[in-house]
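Asker: This is the structure, below, for whatever I ask next.
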Amino acid sequence: MAVSSAKTEADRIVARLGSFIQGIGLSVDEARQIMERAIADDPAAAPADIEAKARAWMLIALA
């Protein structure tokens, strides 16, 4: 996945997870960084799998 398309996909998923991100008290910038890392970790993964991985990483970041 190209860098610009990874950022676009990260933006889409961050928008979808807006209430989750707000609910756990994470900033949008922090969430976007985590999302971009989740995409980079497995760029061929389905968006739902990337979203699930990123959600778990966001919760871990709060620990």
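Residue numbering restarts at 1 in every chain; chains get A, B, ... in the order shown in the structure tokens, and ligands count up from 1 in that same order.
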Just the residues within 12 Å of A:Ser5, please, counting only C-alpha atoms, with nothing from its chain fewer than 4 positions along; format it as a ChimeraX atom specification.

Answerer: /A:1,9-12,36,39-40,43

Asker: Residues of chain A classed as alpha helix (DSSP H) by DSSP on the backbone are to be reported as a tab-separated table (two decimals) with C-alpha atoms, in the first residue's frame.

Answerer:
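What ended up in out_25.tsv:
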chain	number	residue	atom	x	y	z
A	3	VAL	CA	2.05	5.98	1.73
A	4	SER	CA	-0.74	8.31	0.57
A	5	SER	CA	-3.28	5.51	0.35
A	6	ALA	CA	-2.21	4.29	3.82
A	7	LYS	CA	-2.86	7.79	5.18
A	8	THR	CA	-6.22	7.91	3.42
A	9	GLU	CA	-7.19	4.52	4.84
A	10	ALA	CA	-5.98	5.60	8.30
A	11	ASP	CA	-8.13	8.74	8.06
A	12	ARG	CA	-11.19	6.67	7.09
A	13	ILE	CA	-10.75	4.25	9.96
A	14	VAL	CA	-10.01	7.03	12.46
A	15	ALA	CA	-13.23	8.74	11.37
A	16	ARG	CA	-15.15	5.48	11.85
A	18	GLY	CA	-14.19	8.60	16.40
A	19	SER	CA	-16.44	7.83	19.36
A	20	PHE	CA	-14.19	4.96	20.48
A	21	ILE	CA	-11.12	7.20	20.32
A	22	GLN	CA	-12.90	9.98	22.20
A	23	GLY	CA	-14.26	7.51	24.74
A	24	ILE	CA	-10.83	6.19	25.68
A	28	VAL	CA	-6.90	12.03	17.07
A	29	ASP	CA	-3.21	12.52	16.20
A	30	GLU	CA	-2.17	9.67	18.49
A	31	ALA	CA	-4.91	7.46	17.07
A	32	ARG	CA	-3.88	8.27	13.50
A	33	GLN	CA	-0.24	7.37	14.27
A	34	ILE	CA	-1.32	4.04	15.74
A	35	MET	CA	-3.58	3.42	12.74
A	36	GLU	CA	-0.77	4.16	10.28
A	37	ARG	CA	1.50	1.72	12.15
A	38	ALA	CA	-1.20	-0.96	12.07
A	39	ILE	CA	-1.55	-0.48	8.31
A	40	ALA	CA	2.24	-0.57	7.83
A	41	ASP	CA	2.42	-3.77	9.91
A	47	PRO	CA	-9.64	-2.94	6.74
A	48	ALA	CA	-11.66	-4.72	9.47
A	49	ASP	CA	-8.54	-6.59	10.60
A	50	ILE	CA	-6.46	-3.41	10.60
A	51	GLU	CA	-9.18	-1.65	12.58
A	52	ALA	CA	-9.29	-4.45	15.18
A	53	LYS	CA	-5.51	-4.46	15.52
A	54	ALA	CA	-5.39	-0.68	15.86
A	55	ARG	CA	-8.14	-0.72	18.51
A	56	ALA	CA	-6.16	-3.22	20.55
A	57	TRP	CA	-2.97	-1.17	20.16
A	58	MET	CA	-4.85	1.98	21.25
A	59	LEU	CA	-5.99	0.25	24.42
A	60	ILE	CA	-2.46	-1.02	25.05
A	61	ALA	CA	-1.12	2.53	24.59
A	62	LEU	CA	-3.33	3.65	27.47
